[in-house]
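Text of the file coords19.txt, holding compact mmCIF, C-alpha atoms and all ligand atoms:
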# COMPACT_ATOMS: atom_id res chain seq x y z
CA MET A 491 143.83 87.98 97.84
CA ILE A 492 144.08 90.27 100.83
CA TYR A 493 140.81 90.26 102.75
CA LEU A 494 140.17 93.61 104.41
CA ASP A 495 136.41 93.27 104.71
CA TYR A 496 135.92 91.73 108.15
CA ASN A 497 133.00 94.09 108.85
CA ALA A 498 131.13 92.53 105.92
CA SER A 499 131.67 88.99 107.20
CA THR A 500 134.47 87.22 109.03
CA PRO A 501 136.00 83.90 108.09
CA MET A 502 134.77 81.19 110.43
CA ASP A 503 137.21 80.35 113.21
CA PRO A 504 138.57 76.77 112.87
CA GLY A 505 137.45 76.15 116.47
CA VAL A 506 133.88 77.12 115.50
CA ARG A 507 133.94 74.81 112.50
CA ALA A 508 135.25 71.92 114.61
CA ALA A 509 132.52 72.47 117.19
CA MET A 510 129.84 72.45 114.50
CA LEU A 511 130.96 69.39 112.51
CA PRO A 512 129.42 66.66 114.74
CA TYR A 513 126.05 68.44 114.41
CA LEU A 514 126.28 68.23 110.64
CA GLY A 515 126.80 64.47 110.77
CA GLU A 516 126.59 62.08 113.70
CA TYR A 517 124.07 64.17 115.65
CA PHE A 518 120.76 64.61 113.88
CA GLY A 519 117.10 64.85 114.75
CA ASN A 520 114.85 67.39 116.36
CA PRO A 521 116.06 69.14 119.51
CA THR A 522 112.51 69.20 120.87
CA SER A 523 112.28 65.36 120.84
CA SER A 524 112.43 63.99 124.36
CA HIS A 525 113.98 60.70 123.20
CA GLY A 526 117.62 59.70 122.90
CA VAL A 527 118.26 61.56 119.64
CA GLY A 528 116.81 64.87 120.83
CA VAL A 529 118.41 65.06 124.26
CA PRO A 530 122.05 65.70 123.18
CA LEU A 531 120.82 68.35 120.75
CA ARG A 532 118.91 70.14 123.50
CA LYS A 533 122.02 70.00 125.70
CA ALA A 534 124.14 71.47 122.88
CA ILE A 535 121.66 74.34 122.47
CA ASP A 536 121.68 74.96 126.23
CA THR A 537 125.49 75.10 126.23
CA ALA A 538 125.49 77.58 123.36
CA ARG A 539 122.89 79.71 125.10
CA ALA A 540 125.08 79.79 128.22
CA GLN A 541 128.14 80.73 126.12
CA VAL A 542 126.31 83.66 124.47
CA ALA A 543 124.85 84.72 127.82
CA SER A 544 128.30 84.70 129.39
CA LEU A 545 129.74 86.92 126.64
CA LEU A 546 126.91 89.41 127.10
CA GLY A 547 126.85 89.14 130.90
CA VAL A 548 123.17 88.12 131.00
CA SER A 549 121.10 85.10 132.08
CA ALA A 550 120.73 82.23 129.63
CA ASP A 551 116.95 82.65 129.59
CA GLU A 552 117.41 86.21 128.29
CA VAL A 553 118.98 84.95 125.02
CA VAL A 554 116.85 84.12 121.97
CA PHE A 555 118.49 82.59 118.90
CA THR A 556 117.54 84.14 115.57
CA SER A 557 118.67 83.88 111.95
CA GLY A 558 121.04 86.85 112.37
CA GLY A 559 121.30 90.58 112.86
CA THR A 560 118.50 91.42 110.45
CA GLU A 561 115.97 89.22 112.22
CA SER A 562 117.03 90.33 115.72
CA ASN A 563 116.61 93.97 114.70
CA ASN A 564 113.26 93.37 112.98
CA HIS A 565 112.04 91.47 116.02
CA VAL A 566 112.80 94.33 118.40
CA ILE A 567 111.47 97.14 116.24
CA LYS A 568 108.24 95.43 115.20
CA GLY A 569 107.82 93.30 118.34
CA VAL A 570 107.92 96.34 120.63
CA ALA A 571 105.80 98.41 118.23
CA PHE A 572 103.05 95.78 118.19
CA ALA A 573 103.26 94.98 121.91
CA LEU A 574 103.14 98.62 123.05
CA ALA A 575 100.85 100.12 120.39
CA ASP A 576 98.35 101.05 123.12
CA LYS A 577 101.00 103.08 124.97
CA GLY A 578 102.23 104.95 121.91
CA LYS A 579 103.50 104.78 118.37
CA HIS A 580 106.72 106.78 118.48
CA ILE A 581 110.25 105.37 118.09
CA ILE A 582 113.59 107.18 118.21
CA THR A 583 116.51 105.94 116.14
CA SER A 584 119.49 107.51 114.36
CA SER A 585 120.19 108.54 110.78
CA ILE A 586 123.16 106.15 110.48
CA GLU A 587 121.52 102.83 111.38
CA HIS A 588 121.95 99.72 109.26
CA PRO A 589 119.08 99.06 106.81
CA ALA A 590 118.04 96.22 109.16
CA ILE A 591 116.85 98.98 111.55
CA LYS A 592 115.98 101.69 109.05
CA ASN A 593 113.72 99.56 106.91
CA PRO A 594 111.59 98.04 109.70
CA CYS A 595 111.13 101.65 110.88
CA LYS A 596 110.04 102.68 107.37
CA PHE A 597 107.64 99.74 107.36
CA LEU A 598 106.12 100.94 110.65
CA GLU A 599 105.76 104.46 109.26
CA LYS A 600 103.41 103.00 106.67
CA LEU A 601 101.35 101.58 109.54
CA GLY A 602 101.01 105.00 111.17
CA TYR A 603 103.96 104.93 113.56
CA GLU A 604 106.15 108.02 113.89
CA ILE A 605 109.93 107.69 113.80
CA SER A 606 112.42 110.37 114.87
CA TYR A 607 115.83 110.01 113.23
CA VAL A 608 118.43 111.86 115.30
CA GLY A 609 121.42 113.18 113.39
CA VAL A 610 125.13 112.70 114.02
CA ASP A 611 128.16 114.99 114.08
CA SER A 612 130.98 114.89 111.52
CA LYS A 613 132.58 111.96 113.39
CA GLY A 614 129.36 109.93 113.32
CA ARG A 615 128.41 110.50 116.96
CA VAL A 616 124.84 110.74 118.22
CA ASP A 617 124.36 113.39 120.92
CA PRO A 618 122.50 111.67 123.82
CA ASP A 619 120.92 115.04 124.73
CA GLU A 620 119.31 115.11 121.31
CA VAL A 621 117.87 111.64 121.96
CA ALA A 622 116.50 112.94 125.29
CA SER A 623 114.92 115.96 123.61
CA GLU A 624 113.03 113.71 121.16
CA ILE A 625 111.27 111.71 123.90
CA ARG A 626 107.48 112.22 123.98
CA PRO A 627 104.77 110.66 126.15
CA THR A 628 104.09 108.29 123.24
CA THR A 629 107.71 107.13 122.80
CA ILE A 630 107.96 103.35 123.19
CA LEU A 631 111.50 102.54 122.00
CA ILE A 632 114.94 104.06 121.45
CA SER A 633 117.17 102.08 119.08
CA ILE A 634 120.72 103.38 118.59
CA MET A 635 123.47 101.18 117.15
CA HIS A 636 126.48 100.42 119.34
CA ALA A 637 129.09 100.81 116.58
CA ASN A 638 128.59 101.88 113.00
CA ASN A 639 129.31 99.33 110.27
CA GLU A 640 130.90 101.82 107.85
CA VAL A 641 133.04 104.15 109.94
CA GLY A 642 133.20 102.16 113.21
CA THR A 643 132.21 105.08 115.45
CA ILE A 644 131.05 103.90 118.88
CA GLN A 645 128.00 105.52 120.48
CA ASP A 646 127.55 106.41 124.14
CA VAL A 647 125.04 103.62 124.69
CA PRO A 648 125.32 103.63 128.52
CA GLU A 649 124.24 107.30 128.57
CA ILE A 650 121.42 106.70 126.08
CA SER A 651 120.24 103.74 128.20
CA SER A 652 120.11 105.82 131.35
CA ILE A 653 118.11 108.50 129.49
CA GLY A 654 115.66 105.81 128.38
CA ARG A 655 115.44 104.29 131.85
CA GLU A 656 114.68 107.64 133.46
CA ALA A 657 111.95 108.32 130.93
CA GLY A 658 110.52 104.81 131.16
CA VAL A 659 111.35 104.06 127.51
CA LEU A 660 112.85 100.75 126.36
CA VAL A 661 116.31 100.89 124.75
CA HIS A 662 117.78 98.63 122.08
CA THR A 663 121.25 98.61 120.61
CA ASP A 664 122.35 96.89 117.42
CA ALA A 665 125.68 95.38 118.48
CA ALA A 666 126.13 93.33 115.29
CA GLN A 667 129.38 95.15 114.53
CA SER A 668 130.68 95.66 118.05
CA CYS A 669 130.20 92.16 119.45
CA GLY A 670 133.57 90.41 119.59
CA LYS A 671 135.41 93.66 118.79
CA ILE A 672 134.74 95.67 121.94
CA GLU A 673 132.98 94.87 125.18
CA THR A 674 129.26 94.28 124.79
CA ARG A 675 128.31 93.34 128.35
CA VAL A 676 124.75 94.38 129.04
CA ASP A 677 125.52 95.33 132.64
CA LYS A 678 127.83 98.03 131.21
CA LEU A 679 125.55 99.08 128.34
CA GLY A 680 122.31 99.08 130.35
CA VAL A 681 120.05 98.20 127.41
CA ASP A 682 116.79 96.22 127.38
CA PHE A 683 117.53 94.57 124.01
CA LEU A 684 120.77 93.85 122.14
CA THR A 685 121.39 92.33 118.71
CA ILE A 686 124.33 90.13 117.72
CA ALA A 687 125.15 88.32 114.45
CA GLY A 688 127.36 85.19 114.27
CA HIS A 689 129.14 85.92 111.02
CA LYS A 690 130.53 89.24 112.28
CA PHE A 691 132.65 87.56 114.96
CA TYR A 692 133.99 84.36 113.39
CA GLY A 693 130.79 82.34 113.76
CA PRO A 694 128.57 80.97 110.99
CA GLN A 695 126.27 82.99 108.75
CA GLY A 696 122.51 82.69 109.23
CA VAL A 697 122.49 82.72 113.01
CA GLY A 698 122.41 85.45 115.61
CA ALA A 699 120.84 86.23 118.92
CA LEU A 700 118.70 88.79 120.62
CA PHE A 701 119.07 89.67 124.28
CA ILE A 702 115.68 90.43 125.79
CA LYS A 703 115.78 91.68 129.36
CA LYS A 704 113.82 89.53 131.80
CA GLY A 705 110.32 90.88 132.37
CA VAL A 706 110.18 92.83 129.08
CA THR A 707 107.58 91.52 126.68
CA LEU A 708 107.53 91.95 122.95
CA ASP A 709 105.33 90.32 120.34
CA PRO A 710 106.74 87.34 118.44
CA LEU A 711 107.25 87.76 114.70
CA HIS A 712 107.17 84.06 113.88
CA HIS A 713 103.94 82.43 114.90
CA GLY A 714 104.26 78.69 115.17
CA ALA A 715 105.04 76.07 117.77
CA GLY A 716 106.34 77.01 121.20
CA HIS A 717 110.09 76.96 120.54
CA GLN A 718 112.29 79.24 122.63
CA GLY A 719 109.52 79.98 125.08
CA GLY A 720 107.15 80.95 122.27
CA ILE A 721 109.24 84.04 121.47
CA ARG A 722 110.73 82.64 118.28
CA ALA A 723 108.98 79.67 116.74
CA GLY A 724 110.87 77.31 114.46
CA THR A 725 113.07 74.23 114.98
CA GLU A 726 116.43 75.48 116.15
CA PRO A 727 119.32 75.05 113.65
CA VAL A 728 121.53 73.15 116.10
CA ALA A 729 124.82 73.26 114.17
CA LEU A 730 124.55 77.01 113.60
CA ILE A 731 123.64 77.65 117.23
CA VAL A 732 126.56 75.50 118.42
CA GLY A 733 128.83 77.56 116.12
CA LEU A 734 127.48 80.82 117.52
CA GLY A 735 128.06 79.59 121.06
CA LYS A 736 131.65 78.60 120.29
CA ALA A 737 132.27 81.98 118.60
CA ALA A 738 130.97 83.69 121.74
CA GLU A 739 133.25 81.59 123.94
CA LEU A 740 136.25 82.47 121.76
CA ALA A 741 135.29 86.16 121.72
CA GLU A 742 135.12 86.22 125.50
CA LYS A 743 138.62 84.70 125.74
CA ASP A 744 140.02 86.98 123.03
CA SER A 745 139.42 90.27 124.80
CA ASP A 746 142.80 91.75 123.82
CA HIS A 747 142.19 93.63 120.61
CA SER A 748 145.67 95.12 120.30
CA HIS A 749 146.57 92.84 117.34
CA VAL A 750 143.81 94.25 115.13
CA ALA A 751 144.23 97.80 116.46
CA ASN A 752 147.95 97.74 115.61
CA LEU A 753 147.28 96.46 112.10
CA ARG A 754 144.54 99.06 111.54
CA ASP A 755 146.89 101.83 112.66
CA ARG A 756 149.75 100.46 110.56
CA LEU A 757 147.46 100.53 107.53
CA HIS A 758 146.40 104.10 108.26
CA ALA A 759 149.99 105.26 108.81
CA GLY A 760 151.13 103.61 105.56
CA LEU A 761 148.34 105.18 103.51
CA SER A 762 148.99 108.61 105.05
CA GLU A 763 152.70 108.32 104.34
CA GLY A 764 152.05 107.40 100.71
CA LEU A 765 149.20 109.80 99.97
CA GLY A 766 149.47 112.64 102.52
CA ASP A 767 146.35 114.82 102.66
CA ASP A 768 144.76 112.81 99.86
CA VAL A 769 143.69 110.23 102.43
CA VAL A 770 141.16 111.40 105.03
CA LEU A 771 140.09 109.43 108.12
CA LEU A 772 136.31 109.10 108.35
CA GLY A 773 134.74 108.41 111.73
CA HIS A 774 135.95 109.06 115.24
CA ARG A 775 139.71 108.89 115.78
CA THR A 776 139.50 107.20 119.20
CA ASP A 777 135.90 106.11 119.88
CA ARG A 778 136.03 103.68 116.99
CA LEU A 779 136.09 99.93 116.48
CA SER A 780 139.67 98.70 116.83
CA ASN A 781 139.53 96.92 113.45
CA THR A 782 137.90 99.59 111.28
CA LEU A 783 139.62 102.13 109.06
CA CYS A 784 137.26 104.06 106.81
CA VAL A 785 139.11 106.52 104.62
CA GLY A 786 138.19 108.88 101.83
CA PHE A 787 140.59 109.07 98.90
CA ARG A 788 140.19 112.77 98.20
CA GLY A 789 138.94 113.64 94.74
CA ARG A 790 138.62 109.99 93.66
CA ILE A 791 135.78 107.50 93.42
CA GLY A 792 136.37 104.72 95.98
CA GLY A 793 135.19 102.00 93.60
CA GLU A 794 137.69 103.16 90.97
CA VAL A 795 140.56 103.04 93.46
CA MET A 796 139.60 99.49 94.45
CA ALA A 797 139.25 98.47 90.80
CA GLY A 798 142.91 99.43 90.46
CA CYS A 799 143.92 96.82 93.09
CA PRO A 800 141.44 93.97 92.59
CA ASP A 801 143.20 91.57 94.93
CA VAL A 802 142.65 93.91 97.91
CA LEU A 803 139.12 93.19 99.10
CA ALA A 804 137.24 95.97 100.89
CA SER A 805 133.91 97.81 100.76
CA THR A 806 133.31 101.15 99.12
CA GLY A 807 131.16 103.80 100.74
CA ALA A 808 129.80 105.48 97.64
CA ALA A 809 127.43 103.63 95.37
CA CYS A 810 127.56 104.50 91.70
CA HIS A 811 124.11 104.66 90.16
CA SER A 812 123.73 105.50 86.47
CA GLY A 813 127.30 106.74 86.35
CA LYS A 814 126.85 109.25 89.16
CA ALA A 815 128.49 108.60 92.53
CA GLN A 816 126.32 108.98 95.64
CA ARG A 817 127.43 109.38 99.25
CA SER A 818 126.36 106.55 101.54
CA ALA A 819 123.56 107.51 103.94
CA THR A 820 126.03 107.40 106.83
CA LEU A 821 128.56 109.72 105.18
CA ALA A 822 125.76 112.05 104.08
CA ALA A 823 124.45 112.17 107.69
CA MET A 824 128.00 113.00 108.84
CA ASP A 825 128.01 115.79 106.24
CA ILE A 826 131.25 114.56 104.68
CA PRO A 827 131.93 116.67 101.57
CA GLU A 828 131.35 114.80 98.31
CA GLU A 829 134.95 115.34 97.32
CA VAL A 830 135.99 113.03 100.17
CA ALA A 831 132.85 110.86 100.56
CA PHE A 832 132.88 109.67 96.94
CA GLY A 833 136.35 108.27 97.60
CA ALA A 834 135.31 106.36 100.73
CA VAL A 835 136.65 102.86 101.24
CA ARG A 836 136.03 100.80 104.37
CA LEU A 837 139.05 98.71 105.28
CA SER A 838 138.41 96.29 108.13
CA VAL A 839 140.98 93.90 109.52
CA GLY A 840 140.56 90.93 111.84
CA ARG A 841 141.89 87.96 113.78
CA PHE A 842 143.60 86.37 110.76
CA SER A 843 145.09 89.53 109.20
CA THR A 844 148.88 89.72 109.15
CA GLU A 845 151.47 92.51 109.06
CA ALA A 846 152.77 91.21 105.72
CA GLU A 847 149.28 91.47 104.22
CA ILE A 848 148.83 94.99 105.53
CA ASP A 849 152.16 96.11 104.08
CA GLU A 850 151.31 94.60 100.72
CA ALA A 851 147.87 96.22 100.78
CA ILE A 852 149.38 99.63 101.57
CA GLY A 853 151.62 99.42 98.49
CA LYS A 854 148.76 98.37 96.23
CA LEU A 855 146.26 100.91 97.57
CA VAL A 856 148.72 103.81 97.32
CA LYS A 857 149.64 102.85 93.76
CA ALA A 858 145.98 102.44 92.76
CA ALA A 859 144.94 105.77 94.36
CA LYS A 860 147.77 107.60 92.59
CA ALA A 861 146.72 106.07 89.27
CA THR A 862 143.02 106.93 89.75
CA PRO A 863 141.96 110.09 87.93
CA VAL A 864 140.92 112.98 90.16
CA ILE A 865 137.36 114.08 89.42
CA GLY A 866 136.74 117.65 88.35
C1 LIG A 901 125.23 97.05 112.15
C2 LIG A 901 124.62 95.87 111.47
N1 LIG A 901 123.40 95.46 111.83
C3 LIG A 901 122.79 94.41 111.26
C4 LIG A 901 123.41 93.70 110.25
C5 LIG A 901 122.69 92.55 109.60
O1 LIG A 901 123.17 91.33 110.11
P1 LIG A 901 122.91 89.96 109.30
O2 LIG A 901 123.78 90.01 108.11
O3 LIG A 901 123.32 88.89 110.27
O4 LIG A 901 121.46 89.88 108.99
C6 LIG A 901 124.70 94.08 109.85
C7 LIG A 901 125.37 93.36 108.74
O5 LIG A 901 125.96 93.93 107.86
C8 LIG A 901 125.31 95.19 110.47
O6 LIG A 901 126.52 95.61 110.11
What is this file in structure tokens?
Amino acid sequence: MIYLDYNASTPMDPGVRAAMLPYLGEYFGNPTSSHGVGVPLRKAIDTARAQVASLLGVSADEVVFTSGGTESNNHVIKGVAFALADKGKHIITSSIEHPAIKNPCKFLEKLGYEISYVGVDSKGRVDPDEVASEIRPTTILISIMHANNEVGTIQDVPEISSIGREAGVLVHTDAAQSCGKIETRVDKLGVDFLTIAGHKFYGPQGVGALFIKKGVTLDPLHHGAGHQGGIRAGTEPVALIVGLGKAAELAEKDSDHSHVANLRDRLHAGLSEGLGDDVVLLGHRTDRLSNTLCVGFRGRIGGEVMAGCPDVLASTGAACHSGKAQRSATLAAMDIPEEVAFGAVRLSVGRFSTEAEIDEAIGKLVKAAKATPVIG
């Protein structure tokens, strides 16, 4: 099998696994216990917190561990909404966010909050001026993703942050896809909140973190004991947190992304050579994650192309409901014509991808696309 779905989930790095193993065996107990069993666990959590903080360029006490990207996003959207309800009930986000942002926003709409969804251009870019023009006296939060999960387009988060700062509005970015792939230092991005997810950068599934800028308060979602300063109650999953910390340490060391960028470009060049204009790049050509190649196989259904090469593993952008293909929300927001959007396939490479795999995948994808019937 050729795994080209690193944006869905990455394999765990062997170094991460090795770091976690002692915490699945010899070390046990509750990290809040002050006795001999709890102390090493607390130290391990502190180390992991420092590793994540170092990757993000923030203080350790600004990092809260969560169960992943979905929880971090829910915590920001609802936590700010509840904490600042007296100031206002208006949030600005984009039309291409992950469901882990979109759906908490929809939930708040049912509670009487108003959400503005700014659009994107055909490359998937949000215009920061449009964000600025949506700000009202009642706006309490701007949440714009750092990089899109489907097409990989990177947003101008520093500019959006400075717009928020000037207007006195808090800014969040969902960096679940960008963390470990491009720089996600908060001093560069300027945000008040930032989401990361372990399994997107070679860490374990079920753990993530939320950066919360010092001095900013938001309501907790989990009410319980006083773990993590009362911001996120629940006994910390030590092994998962240790794994996340190690993944962060490895990501900070592995800042040269030319390996994945070269493989992504090799894949694109090979598909273009084999299929010519029948393969269309979706997303921004340059302001894009170095590992992400989203293409539309013109006139085809993406799922049918992939069914023709079942050992190449990737995600398709068009869902087929009751026999009728539908554009993904992101491709619809980018106004990609159906003829191309129905054929969308997201190919994402990573740390363990090889040139040989890419060359084999090119051959199989070209053959499968040629064999896939063109829709009327
Ligand atoms: C941009 C983005 N945000 C959030 C998530 C959700 O993260 P998790 O799977 O850790 O809950 C994902 C995962 O697909 C994502 O791509």
> Quick one: residues within 10 Å of A:Asp677, only C-alpha atoms counted, chain neighbours fewer than 5 positions away excluded, as a list of chain:residue names?
Replying inline: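 In the requested format, the answer is A:Leu546, A:Gly547, A:Val548, A:Pro648.
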>> Here is a test: counting only C-alpha atoms, which residue of A:Lys613, A:Lys592, A:His636, A:Lys857 is nearest to A:Val770?
In response: A:Lys613
>> Rounded to one decimal, what separation in Å do you get between atom CA of A:Pro827 and atom CA of A:Phe787?
In response: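 About the pair atom CA of A:Pro827 and atom CA of A:Phe787: they are 11.8 Å apart.
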>> From the options A:Cys799, A:Cys669, A:Ile721, A:Val681, which residue's atoms come nearest to ligand LIG 901 (chain A), counting all atoms listed in the file?
In response: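 Residue with the minimum atom-to-atom distance to ligand LIG 901 (chain A): A:Cys669.
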> Between A:Val570, A:Arg778, A:His713, A:Ala751, which one has atoms that come closest to A:Gln645, using all atoms listed in the file?
Replying inline: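 Smallest separation from A:Gln645 among the options: A:Arg778.
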Would you give me, as a Markdown table, each residue of chain A having an atom within 6 Å of an atom of ligand LIG 901 (chain A), along with its shortest atom pair and that distance in Å to one decimal, using all atoms listed in the file and sorting by chain and residue number?
| residue | atom | partner | partner_atom | distance |
| --- | --- | --- | --- | --- |
| A:Ala498 | CA | A:LIG901 | O5 | 5.7 |
| A:Gly558 | CA | A:LIG901 | O3 | 3.7 |
| A:Gly559 | CA | A:LIG901 | O1 | 3.4 |
| A:Thr560 | CA | A:LIG901 | O4 | 3.6 |
| A:His588 | CA | A:LIG901 | C1 | 5.1 |
| A:Ala590 | CA | A:LIG901 | C3 | 5.5 |
| A:Asn638 | CA | A:LIG901 | C1 | 5.9 |
| A:Asn639 | CA | A:LIG901 | O6 | 4.7 |
| A:Asp664 | CA | A:LIG901 | N1 | 5.9 |
| A:Ala666 | CA | A:LIG901 | C2 | 4.8 |
| A:Gln667 | CA | A:LIG901 | C1 | 5.1 |
| A:Ala687 | CA | A:LIG901 | O3 | 4.6 |
> Hey, what's within 10 Å of A:Val706 if we count only C-alpha atoms and toss same-chain stuff fewer than 5 positions away? As a list in words, please?
Replying inline: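 The filter keeps Glu552, Val570, Leu660, Asp682 and Phe683 of chain A.
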Pull C-alpha atoms from the residues just selected and write them as a PDB file, keeping the file's coordinate frame.
ATOM      1  CA  GLU A 552     117.410  86.210 128.290  1.00  0.00           C
ATOM      2  CA  VAL A 570     107.920  96.340 120.630  1.00  0.00           C
ATOM      3  CA  LEU A 660     112.850 100.750 126.360  1.00  0.00           C
ATOM      4  CA  ASP A 682     116.790  96.220 127.380  1.00  0.00           C
ATOM      5  CA  PHE A 683     117.530  94.570 124.010  1.00  0.00           C
TER       6      PHE A 683
END
>> Could you check the closest approach to A:Ala665 for each of A:Ile581, A:Leu779, A:Ala737, A:Val621 and tell me which residue wins, using all atoms listed in the file?
In response: A:Leu779
> For the atom pair atom CA of A:Gly609 and atom CA of A:Ala823, what is the interatomic distance in Å to one decimal place?
Replying inline: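 Atom CA of A:Ala823 lies at a distance of 6.5 Å from atom CA of A:Gly609.
Residues with any atom within 10 Å of A:Val864, counting all atoms listed in the file and excluding same-chain neighbours fewer than 2 positions away, are Phe787, Arg788, Gly789, Arg790, Ile791, Glu829, Gly833, Ala859, Lys860, Ala861, Thr862 and Gly866 of chain A.
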Counting only C-alpha atoms, note down every residue that has an atom within 10 Å of the point (109.7, 94.0, 116.7) (file coordinates), as a CSV table (one decimal) with C-alpha atoms, keeping the file's coordinate frame.
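Wrote it out as point26.csv, contents follow:
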chain,number,residue,atom,x,y,z
A,561,GLU,CA,116.0,89.2,112.2
A,562,SER,CA,117.0,90.3,115.7
A,563,ASN,CA,116.6,94.0,114.7
A,564,ASN,CA,113.3,93.4,113.0
A,565,HIS,CA,112.0,91.5,116.0
A,566,VAL,CA,112.8,94.3,118.4
A,567,ILE,CA,111.5,97.1,116.2
A,568,LYS,CA,108.2,95.4,115.2
A,569,GLY,CA,107.8,93.3,118.3
A,570,VAL,CA,107.9,96.3,120.6
A,571,ALA,CA,105.8,98.4,118.2
A,572,PHE,CA,103.0,95.8,118.2
A,573,ALA,CA,103.3,95.0,121.9
A,594,PRO,CA,111.6,98.0,109.7
A,595,CYS,CA,111.1,101.6,110.9
A,598,LEU,CA,106.1,100.9,110.6
A,708,LEU,CA,107.5,92.0,123.0
A,709,ASP,CA,105.3,90.3,120.3
A,710,PRO,CA,106.7,87.3,118.4
A,711,LEU,CA,107.2,87.8,114.7
> In file coordinates, which residues lie within 10 Å of (134.9, 107.4, 117.0) using all atoms listed in the file, given as a PyMOL selection string?
Replying inline: chain A and resi 613-615+637-638+641-645+772-780
>> Using Å and a single decimal, report how far atom CA of A:Ala834 sits from atom CA of A:Val769.
In response: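 According to the coordinates, atom CA of A:Val769 and atom CA of A:Ala834 are separated by 9.4 Å.
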> So, counting all atoms listed in the file, which residue among A:Thr556, A:Ser524, A:Thr782, A:Thr500 is closest to A:Arg539?
Replying inline: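 Closest to A:Arg539 of all the choices is A:Thr556.
Nearest residue to A:Leu730 among A:Ser549, A:Ser623, A:Ser557, A:Ser805 is A:Ser557, counting all atoms listed in the file.
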Stretch 804-840 of chain A written out with C-alpha atoms as a PDB file, in the first residue's frame:
ATOM      1  CA  ALA A 804      -5.712   9.157  -0.400  1.00  0.00           C
ATOM      2  CA  SER A 805      -8.824  11.213   0.373  1.00  0.00           C
ATOM      3  CA  THR A 806     -11.430  12.271  -2.130  1.00  0.00           C
ATOM      4  CA  GLY A 807     -12.939  15.739  -2.081  1.00  0.00           C
ATOM      5  CA  ALA A 808     -16.377  14.943  -3.431  1.00  0.00           C
ATOM      6  CA  ALA A 809     -18.778  12.868  -1.397  1.00  0.00           C
ATOM      7  CA  CYS A 810     -21.208  10.707  -3.305  1.00  0.00           C
ATOM      8  CA  HIS A 811     -24.656  10.743  -1.746  1.00  0.00           C
ATOM      9  CA  SER A 812     -27.449   8.705  -3.328  1.00  0.00           C
ATOM     10  CA  GLY A 813     -25.423   8.301  -6.493  1.00  0.00           C
ATOM     11  CA  LYS A 814     -24.947  12.031  -7.025  1.00  0.00           C
ATOM     12  CA  ALA A 815     -21.513  13.568  -6.489  1.00  0.00           C
ATOM     13  CA  GLN A 816     -21.314  16.710  -4.340  1.00  0.00           C
ATOM     14  CA  ARG A 817     -18.490  19.235  -4.118  1.00  0.00           C
ATOM     15  CA  SER A 818     -16.857  19.472  -0.705  1.00  0.00           C
ATOM     16  CA  ALA A 819     -17.753  22.653   1.197  1.00  0.00           C
ATOM     17  CA  THR A 820     -14.202  23.934   0.672  1.00  0.00           C
ATOM     18  CA  LEU A 821     -14.219  23.407  -3.098  1.00  0.00           C
ATOM     19  CA  ALA A 822     -17.718  24.903  -3.320  1.00  0.00           C
ATOM     20  CA  ALA A 823     -16.514  27.989  -1.378  1.00  0.00           C
ATOM     21  CA  MET A 824     -13.583  28.259  -3.823  1.00  0.00           C
ATOM     22  CA  ASP A 825     -16.147  28.096  -6.642  1.00  0.00           C
ATOM     23  CA  ILE A 826     -14.334  25.227  -8.353  1.00  0.00           C
ATOM     24  CA  PRO A 827     -16.485  24.067 -11.296  1.00  0.00           C
ATOM     25  CA  GLU A 828     -18.200  20.727 -10.706  1.00  0.00           C
ATOM     26  CA  GLU A 829     -16.419  19.253 -13.690  1.00  0.00           C
ATOM     27  CA  VAL A 830     -13.139  19.577 -11.782  1.00  0.00           C
ATOM     28  CA  ALA A 831     -14.362  19.465  -8.152  1.00  0.00           C
ATOM     29  CA  PHE A 832     -16.103  16.096  -8.538  1.00  0.00           C
ATOM     30  CA  GLY A 833     -12.724  14.655  -9.536  1.00  0.00           C
ATOM     31  CA  ALA A 834     -10.900  16.058  -6.501  1.00  0.00           C
ATOM     32  CA  VAL A 835      -8.385  13.851  -4.730  1.00  0.00           C
ATOM     33  CA  ARG A 836      -6.200  15.036  -1.857  1.00  0.00           C
ATOM     34  CA  LEU A 837      -2.754  13.476  -1.998  1.00  0.00           C
ATOM     35  CA  SER A 838      -0.630  14.242   1.044  1.00  0.00           C
ATOM     36  CA  VAL A 839       2.900  12.988   1.558  1.00  0.00           C
ATOM     37  CA  GLY A 840       5.063  12.960   4.665  1.00  0.00           C
TER      38      GLY A 840
END
